[in-house]
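Okay, protein.txt is below, compact mmCIF, N, CA and C atoms:
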# COMPACT_ATOMS: atom_id res chain seq x y z
N MET A 1 190.33 56.34 8.44
CA MET A 1 190.61 57.76 8.47
C MET A 1 189.67 58.40 9.49
N ASN A 2 190.22 59.10 10.46
CA ASN A 2 189.43 59.77 11.46
C ASN A 2 189.45 61.26 11.15
N LEU A 3 188.30 61.80 10.77
CA LEU A 3 188.22 63.22 10.43
C LEU A 3 187.62 64.03 11.56
N LYS A 4 187.46 63.42 12.71
CA LYS A 4 186.93 64.10 13.88
C LYS A 4 187.76 65.35 14.16
N GLY A 5 187.10 66.46 14.34
CA GLY A 5 187.81 67.68 14.67
C GLY A 5 188.06 68.59 13.50
N PHE A 6 187.82 68.13 12.31
CA PHE A 6 188.00 68.96 11.13
C PHE A 6 186.71 69.74 10.90
N VAL A 7 186.45 70.70 11.77
CA VAL A 7 185.19 71.41 11.69
C VAL A 7 185.36 72.89 11.37
N ILE A 8 186.57 73.33 11.15
CA ILE A 8 186.82 74.75 10.93
C ILE A 8 186.12 75.23 9.66
N SER A 9 186.33 74.52 8.58
CA SER A 9 185.74 74.89 7.31
C SER A 9 185.82 73.70 6.39
N SER A 10 184.86 73.53 5.53
CA SER A 10 184.96 72.44 4.58
C SER A 10 184.42 72.89 3.24
N ALA A 11 184.90 72.23 2.22
CA ALA A 11 184.50 72.62 0.89
C ALA A 11 184.78 71.51 -0.10
N LEU A 12 184.34 71.74 -1.29
CA LEU A 12 184.55 70.84 -2.39
C LEU A 12 185.10 71.66 -3.52
N PHE A 13 186.20 71.21 -4.11
CA PHE A 13 186.80 71.96 -5.20
C PHE A 13 186.82 71.08 -6.44
N ILE A 14 186.35 71.61 -7.56
CA ILE A 14 186.32 70.88 -8.82
C ILE A 14 187.22 71.60 -9.81
N PRO A 15 188.45 71.09 -10.02
CA PRO A 15 189.34 71.74 -10.97
C PRO A 15 188.91 71.47 -12.41
N MET A 16 188.94 72.49 -13.24
CA MET A 16 188.56 72.34 -14.64
C MET A 16 189.60 73.01 -15.52
N LEU A 17 189.78 72.48 -16.69
CA LEU A 17 190.71 73.06 -17.66
C LEU A 17 190.06 74.21 -18.41
N THR A 18 190.89 75.13 -18.82
CA THR A 18 190.43 76.19 -19.71
C THR A 18 191.28 76.09 -20.98
N ALA A 19 190.91 76.83 -22.00
CA ALA A 19 191.66 76.80 -23.25
C ALA A 19 193.11 77.21 -23.03
N ALA A 20 193.36 78.04 -22.02
CA ALA A 20 194.72 78.54 -21.76
C ALA A 20 195.56 77.54 -20.96
N ALA A 21 194.96 76.47 -20.44
CA ALA A 21 195.70 75.53 -19.61
C ALA A 21 195.50 74.09 -20.08
N PRO A 22 196.04 73.74 -21.23
CA PRO A 22 195.81 72.39 -21.77
C PRO A 22 196.73 71.35 -21.13
N SER A 23 196.46 70.96 -19.90
CA SER A 23 197.25 69.92 -19.24
C SER A 23 196.31 69.07 -18.40
N ASP A 24 196.88 68.09 -17.72
CA ASP A 24 196.04 67.23 -16.89
C ASP A 24 196.04 67.62 -15.43
N SER A 25 196.72 68.72 -15.07
CA SER A 25 196.71 69.19 -13.69
C SER A 25 196.87 70.71 -13.65
N VAL A 26 196.44 71.28 -12.53
CA VAL A 26 196.51 72.73 -12.37
C VAL A 26 196.99 73.07 -10.96
N ASP A 27 197.64 74.22 -10.81
CA ASP A 27 198.00 74.73 -9.50
C ASP A 27 196.80 75.46 -8.93
N VAL A 28 196.43 75.13 -7.71
CA VAL A 28 195.29 75.76 -7.03
C VAL A 28 195.80 76.39 -5.75
N THR A 29 195.53 77.68 -5.55
CA THR A 29 195.94 78.36 -4.33
C THR A 29 194.73 78.47 -3.41
N PHE A 30 194.87 77.88 -2.22
CA PHE A 30 193.83 77.93 -1.20
C PHE A 30 194.16 79.09 -0.27
N ARG A 31 193.12 79.80 0.17
CA ARG A 31 193.28 80.91 1.10
C ARG A 31 192.33 80.71 2.28
N TYR A 32 192.84 81.00 3.47
CA TYR A 32 192.04 80.85 4.68
C TYR A 32 192.19 82.09 5.54
N SER A 33 191.06 82.66 5.93
CA SER A 33 191.04 83.85 6.78
C SER A 33 190.30 83.50 8.07
N HIS A 34 190.87 83.91 9.18
CA HIS A 34 190.25 83.64 10.48
C HIS A 34 189.79 84.96 11.09
N ALA A 35 188.54 84.99 11.54
CA ALA A 35 187.96 86.22 12.07
C ALA A 35 188.54 86.60 13.44
N GLY A 36 188.80 85.62 14.29
CA GLY A 36 189.33 85.90 15.62
C GLY A 36 190.84 86.01 15.60
N GLY A 37 191.46 85.84 16.76
CA GLY A 37 192.92 85.88 16.84
C GLY A 37 193.58 84.92 15.86
N ARG A 38 194.82 85.18 15.55
CA ARG A 38 195.53 84.38 14.56
C ARG A 38 195.99 83.04 15.15
N PRO A 39 195.61 81.92 14.51
CA PRO A 39 196.08 80.62 14.99
C PRO A 39 197.60 80.49 14.81
N ALA A 40 198.23 79.61 15.56
CA ALA A 40 199.67 79.39 15.45
C ALA A 40 200.02 78.78 14.10
N VAL A 41 199.17 77.89 13.60
CA VAL A 41 199.37 77.24 12.30
C VAL A 41 198.00 76.83 11.76
N VAL A 42 197.89 76.81 10.43
CA VAL A 42 196.69 76.31 9.78
C VAL A 42 197.14 75.23 8.80
N TYR A 43 196.45 74.11 8.84
CA TYR A 43 196.76 73.01 7.93
C TYR A 43 195.66 72.90 6.87
N LEU A 44 196.08 72.57 5.66
CA LEU A 44 195.17 72.28 4.56
C LEU A 44 195.14 70.76 4.44
N ALA A 45 194.02 70.17 4.80
CA ALA A 45 193.88 68.72 4.76
C ALA A 45 192.83 68.35 3.73
N GLY A 46 193.14 67.35 2.93
CA GLY A 46 192.18 66.95 1.91
C GLY A 46 192.51 65.60 1.30
N GLU A 47 191.69 65.22 0.35
CA GLU A 47 191.90 63.95 -0.33
C GLU A 47 193.23 63.92 -1.09
N PHE A 48 193.76 65.09 -1.42
CA PHE A 48 195.00 65.17 -2.19
C PHE A 48 196.25 64.98 -1.34
N ASN A 49 196.12 65.01 0.00
CA ASN A 49 197.29 64.79 0.86
C ASN A 49 196.97 63.86 2.04
N ARG A 50 196.06 62.94 1.80
CA ARG A 50 195.64 61.96 2.81
C ARG A 50 195.19 62.63 4.10
N TRP A 51 194.43 63.70 3.93
CA TRP A 51 193.86 64.46 5.04
C TRP A 51 194.95 64.94 6.00
N GLY A 52 196.05 65.40 5.43
CA GLY A 52 197.13 65.97 6.24
C GLY A 52 197.89 64.93 7.04
N ASN A 53 197.76 63.65 6.61
CA ASN A 53 198.41 62.56 7.35
C ASN A 53 198.08 62.64 8.83
N ASN A 54 196.80 62.83 9.14
CA ASN A 54 196.40 62.97 10.53
C ASN A 54 196.39 61.62 11.25
N VAL A 55 196.59 61.68 12.54
CA VAL A 55 196.52 60.50 13.39
C VAL A 55 195.47 60.80 14.45
N GLY A 56 194.37 60.08 14.40
CA GLY A 56 193.28 60.31 15.36
C GLY A 56 192.69 61.70 15.25
N GLY A 57 192.75 62.29 14.06
CA GLY A 57 192.20 63.63 13.85
C GLY A 57 193.17 64.75 14.16
N VAL A 58 194.40 64.42 14.57
CA VAL A 58 195.40 65.44 14.89
C VAL A 58 196.45 65.48 13.78
N ILE A 59 196.70 66.69 13.25
CA ILE A 59 197.68 66.86 12.17
C ILE A 59 198.96 67.46 12.75
N SER A 60 200.08 66.93 12.31
CA SER A 60 201.36 67.54 12.66
C SER A 60 202.33 67.50 11.48
N ASP A 61 201.85 67.07 10.33
CA ASP A 61 202.69 66.96 9.13
C ASP A 61 202.98 68.35 8.57
N PRO A 62 204.25 68.78 8.59
CA PRO A 62 204.57 70.12 8.11
C PRO A 62 204.26 70.34 6.63
N SER A 63 204.18 69.26 5.84
CA SER A 63 203.88 69.44 4.42
C SER A 63 202.43 69.88 4.19
N ALA A 64 201.56 69.73 5.18
CA ALA A 64 200.17 70.17 5.07
C ALA A 64 199.97 71.59 5.62
N ALA A 65 201.02 72.17 6.23
CA ALA A 65 200.91 73.51 6.83
C ALA A 65 200.80 74.59 5.75
N MET A 66 199.98 75.58 6.02
CA MET A 66 199.84 76.73 5.14
C MET A 66 200.81 77.82 5.60
N THR A 67 201.05 78.80 4.74
CA THR A 67 201.94 79.91 5.05
C THR A 67 201.10 81.16 5.30
N TYR A 68 201.46 81.93 6.34
CA TYR A 68 200.71 83.15 6.63
C TYR A 68 201.26 84.29 5.78
N ASP A 69 200.37 84.94 5.03
CA ASP A 69 200.73 86.09 4.20
C ASP A 69 200.41 87.35 4.99
N GLU A 70 201.44 87.99 5.53
CA GLU A 70 201.27 89.19 6.35
C GLU A 70 200.58 90.31 5.57
N THR A 71 200.89 90.45 4.30
CA THR A 71 200.33 91.52 3.48
C THR A 71 198.82 91.40 3.34
N GLU A 72 198.36 90.18 3.04
CA GLU A 72 196.92 89.96 2.85
C GLU A 72 196.20 89.60 4.14
N GLY A 73 196.95 89.14 5.15
CA GLY A 73 196.32 88.73 6.40
C GLY A 73 195.57 87.42 6.28
N VAL A 74 196.06 86.53 5.40
CA VAL A 74 195.42 85.23 5.21
C VAL A 74 196.48 84.14 5.15
N TRP A 75 196.06 82.91 5.39
CA TRP A 75 196.90 81.74 5.24
C TRP A 75 196.76 81.26 3.80
N VAL A 76 197.86 80.86 3.15
CA VAL A 76 197.82 80.42 1.75
C VAL A 76 198.64 79.15 1.57
N LYS A 77 198.22 78.36 0.59
CA LYS A 77 198.98 77.18 0.17
C LYS A 77 198.56 76.84 -1.25
N THR A 78 199.55 76.60 -2.10
CA THR A 78 199.28 76.20 -3.48
C THR A 78 199.56 74.70 -3.62
N VAL A 79 198.61 74.01 -4.24
CA VAL A 79 198.70 72.57 -4.43
C VAL A 79 198.41 72.26 -5.89
N ARG A 80 199.14 71.33 -6.47
CA ARG A 80 198.89 70.89 -7.84
C ARG A 80 197.88 69.76 -7.79
N LEU A 81 196.74 69.95 -8.48
CA LEU A 81 195.66 68.97 -8.47
C LEU A 81 195.38 68.44 -9.87
N ARG A 82 195.05 67.19 -9.94
CA ARG A 82 194.68 66.56 -11.21
C ARG A 82 193.31 67.05 -11.64
N VAL A 83 193.20 67.47 -12.88
CA VAL A 83 191.91 67.89 -13.43
C VAL A 83 191.01 66.65 -13.50
N GLY A 84 189.78 66.81 -13.06
CA GLY A 84 188.85 65.69 -13.05
C GLY A 84 188.79 64.97 -11.72
N GLY A 85 189.55 65.47 -10.73
CA GLY A 85 189.53 64.87 -9.41
C GLY A 85 190.49 63.71 -9.28
N PRO A 86 190.58 63.14 -8.09
CA PRO A 86 191.52 62.05 -7.85
C PRO A 86 191.11 60.79 -8.63
N ASP A 87 192.12 60.04 -9.06
CA ASP A 87 191.85 58.80 -9.77
C ASP A 87 192.94 57.81 -9.39
N PRO A 88 192.62 56.77 -8.66
CA PRO A 88 191.27 56.36 -8.27
C PRO A 88 190.76 57.19 -7.10
N LEU A 89 189.46 57.07 -6.84
CA LEU A 89 188.88 57.79 -5.71
C LEU A 89 189.48 57.28 -4.41
N PRO A 90 189.90 58.18 -3.51
CA PRO A 90 190.52 57.76 -2.25
C PRO A 90 189.58 56.97 -1.36
N ASP A 91 188.31 57.32 -1.37
CA ASP A 91 187.31 56.66 -0.52
C ASP A 91 186.03 56.55 -1.33
N PRO A 92 185.90 55.48 -2.14
CA PRO A 92 184.76 55.37 -3.06
C PRO A 92 183.38 55.57 -2.42
N GLY A 93 183.23 55.24 -1.17
CA GLY A 93 181.94 55.42 -0.50
C GLY A 93 181.65 56.87 -0.12
N ARG A 94 182.69 57.72 -0.03
CA ARG A 94 182.52 59.10 0.43
C ARG A 94 183.04 60.12 -0.56
N SER A 95 184.02 59.77 -1.36
CA SER A 95 184.60 60.71 -2.32
C SER A 95 183.58 61.08 -3.39
N VAL A 96 183.75 62.27 -3.93
CA VAL A 96 182.87 62.76 -5.00
C VAL A 96 183.66 62.70 -6.30
N ALA A 97 183.16 61.96 -7.27
CA ALA A 97 183.85 61.84 -8.55
C ALA A 97 184.02 63.21 -9.19
N GLY A 98 185.22 63.50 -9.69
CA GLY A 98 185.48 64.76 -10.38
C GLY A 98 185.79 65.92 -9.46
N ALA A 99 185.92 65.70 -8.16
CA ALA A 99 186.12 66.80 -7.21
C ALA A 99 187.08 66.36 -6.10
N TYR A 100 187.61 67.34 -5.38
CA TYR A 100 188.45 67.10 -4.22
C TYR A 100 187.75 67.65 -2.99
N GLN A 101 187.69 66.87 -1.94
CA GLN A 101 187.18 67.36 -0.67
C GLN A 101 188.37 67.82 0.16
N TYR A 102 188.17 68.90 0.90
CA TYR A 102 189.26 69.42 1.74
C TYR A 102 188.68 70.19 2.91
N LYS A 103 189.52 70.43 3.90
CA LYS A 103 189.14 71.22 5.08
C LYS A 103 190.35 71.99 5.57
N PHE A 104 190.07 73.07 6.29
CA PHE A 104 191.13 73.82 6.96
C PHE A 104 191.10 73.40 8.43
N ASN A 105 192.27 73.28 9.04
CA ASN A 105 192.36 72.88 10.43
C ASN A 105 193.31 73.83 11.15
N GLU A 106 192.82 74.50 12.18
CA GLU A 106 193.65 75.39 12.98
C GLU A 106 194.40 74.63 14.03
N ASN A 107 195.70 74.86 14.10
CA ASN A 107 196.59 74.33 15.12
C ASN A 107 196.72 72.82 15.11
N GLY A 108 196.14 72.14 14.12
CA GLY A 108 196.31 70.70 13.96
C GLY A 108 195.55 69.81 14.89
N ALA A 109 194.88 70.39 15.88
CA ALA A 109 194.23 69.58 16.90
C ALA A 109 192.80 69.21 16.56
N SER A 110 192.41 68.07 17.07
CA SER A 110 191.02 67.62 16.98
C SER A 110 190.19 68.49 17.92
N SER A 111 188.96 68.79 17.51
CA SER A 111 188.13 69.67 18.35
C SER A 111 187.34 68.89 19.39
N GLY A 112 187.47 67.62 19.43
CA GLY A 112 186.71 66.92 20.44
C GLY A 112 186.92 65.53 20.46

Using C-alpha cells, write down the structure from this file.
Amino acid sequence: MNLKGFVISSALFIPMLTAAAPSDSVDVTFRYSHAGGRPAVVYLAGEFNRWGNNVGGVISDPSAAMTYDETEGVWVKTVRLRVGGPDPLPDPGRSVAGAYQYKFNENGASSG
C-alpha cells in the first residue's frame, strides 16, 4: 500500500456504542472543509475502504469520493463502520486496534 501523497489531513476514529445504538456497527459521517479554493473532488480514504483503492498513491475510485454540500460548504460522506475497529486488522504492523485510520485526499492525486 502506497500512502504517499495523503497529506491533506489525517485522523483516527474510534467508533463506540451508546445505549441508544445496540448494534455491532454505526453510520459515521465525515466532513471536510477546505480553506482555499474548492477542489474538484475530495476522496475519503481509510482502512475501511482499502485506502480508496489507490494505485501508487493516486485515487480514482468513485466509491471513495465525497459529496459537496453547497448549504454547509463542506464535503461529506457517510460510512458504516464496525464498532471496535476493523477485524482482522488490515495492517497489523501499522493499524491501531479498536480504531480506524483515514485521510482526506483532494483531487485524488499524490502530492509528490

Around (198.9, 73.5, -4.7) in the file's own coordinates, what residues are found within 7 Å if you use only N, CA and C atoms, given back as number ranges by chain? A: 26-30, 77-81

May I have the residues within 7 Å of Thr67 in chain A as a list of chain:residue names, using only C-alpha atoms and disregarding those fewer than 2 positions away in the same chain? A:Ala65, A:Asp69, A:Trp75, A:Val76, A:Lys77

Pick from A:Gly73, A:Ser110, A:Arg94, A:Gly85: nearest to His34 in chain A, with all atoms listed in the file counted?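 Closest residue, counting all atoms listed in the file: A:Gly73.
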
Would you return as a count of residues only the members of range 50-102 of chain A that DSSP assigns to strand (DSSP E or B) on this structure's backbone? 18

Which of A:Asp91, A:Glu72, A:Glu106, A:Asp24 sits closest to Tyr43 in chain A [using only N, CA and C atoms]: A:Glu106

What does the distance from atom N of Gly98 in chain A to atom N of Arg31 in chain A come to in Å, to one decimal?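 That distance, rounded to one decimal, is 20.6 Å.
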
Residues near Val58 in chain A, cut-off 6 Å, all atoms listed in the file, skip fewer than 3 positions along chain, as an MDAnalysis selection string: chainID A and resid 53:55 108:110

Gap from atom N of Ser60 in chain A to CA of Ala35 in chain A - Å, one decimal: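 Computing the Euclidean distance for atom N of Ser60 in chain A and CA of Ala35 in chain A yields 22.8 Å.
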
Long-range neighbours of Asn49 in chain A as a list in words, 8 Å cut-off, only N, CA and C atoms, 5 positions minimum in chain: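 Residues near the query, excluding close chain neighbours: Leu44, Asn54, Ser63 and Ala64 of chain A.
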
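Here CA of Tyr100 in chain A and CA of Gly46 in chain A stand 7.2 Å from one another.
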
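Nearest-residue note for Phe104 in chain A: choosing from A:Arg82, A:Trp51, A:Val42, A:Ser25, the minimum distance belongs to A:Val42, counting all atoms listed in the file.
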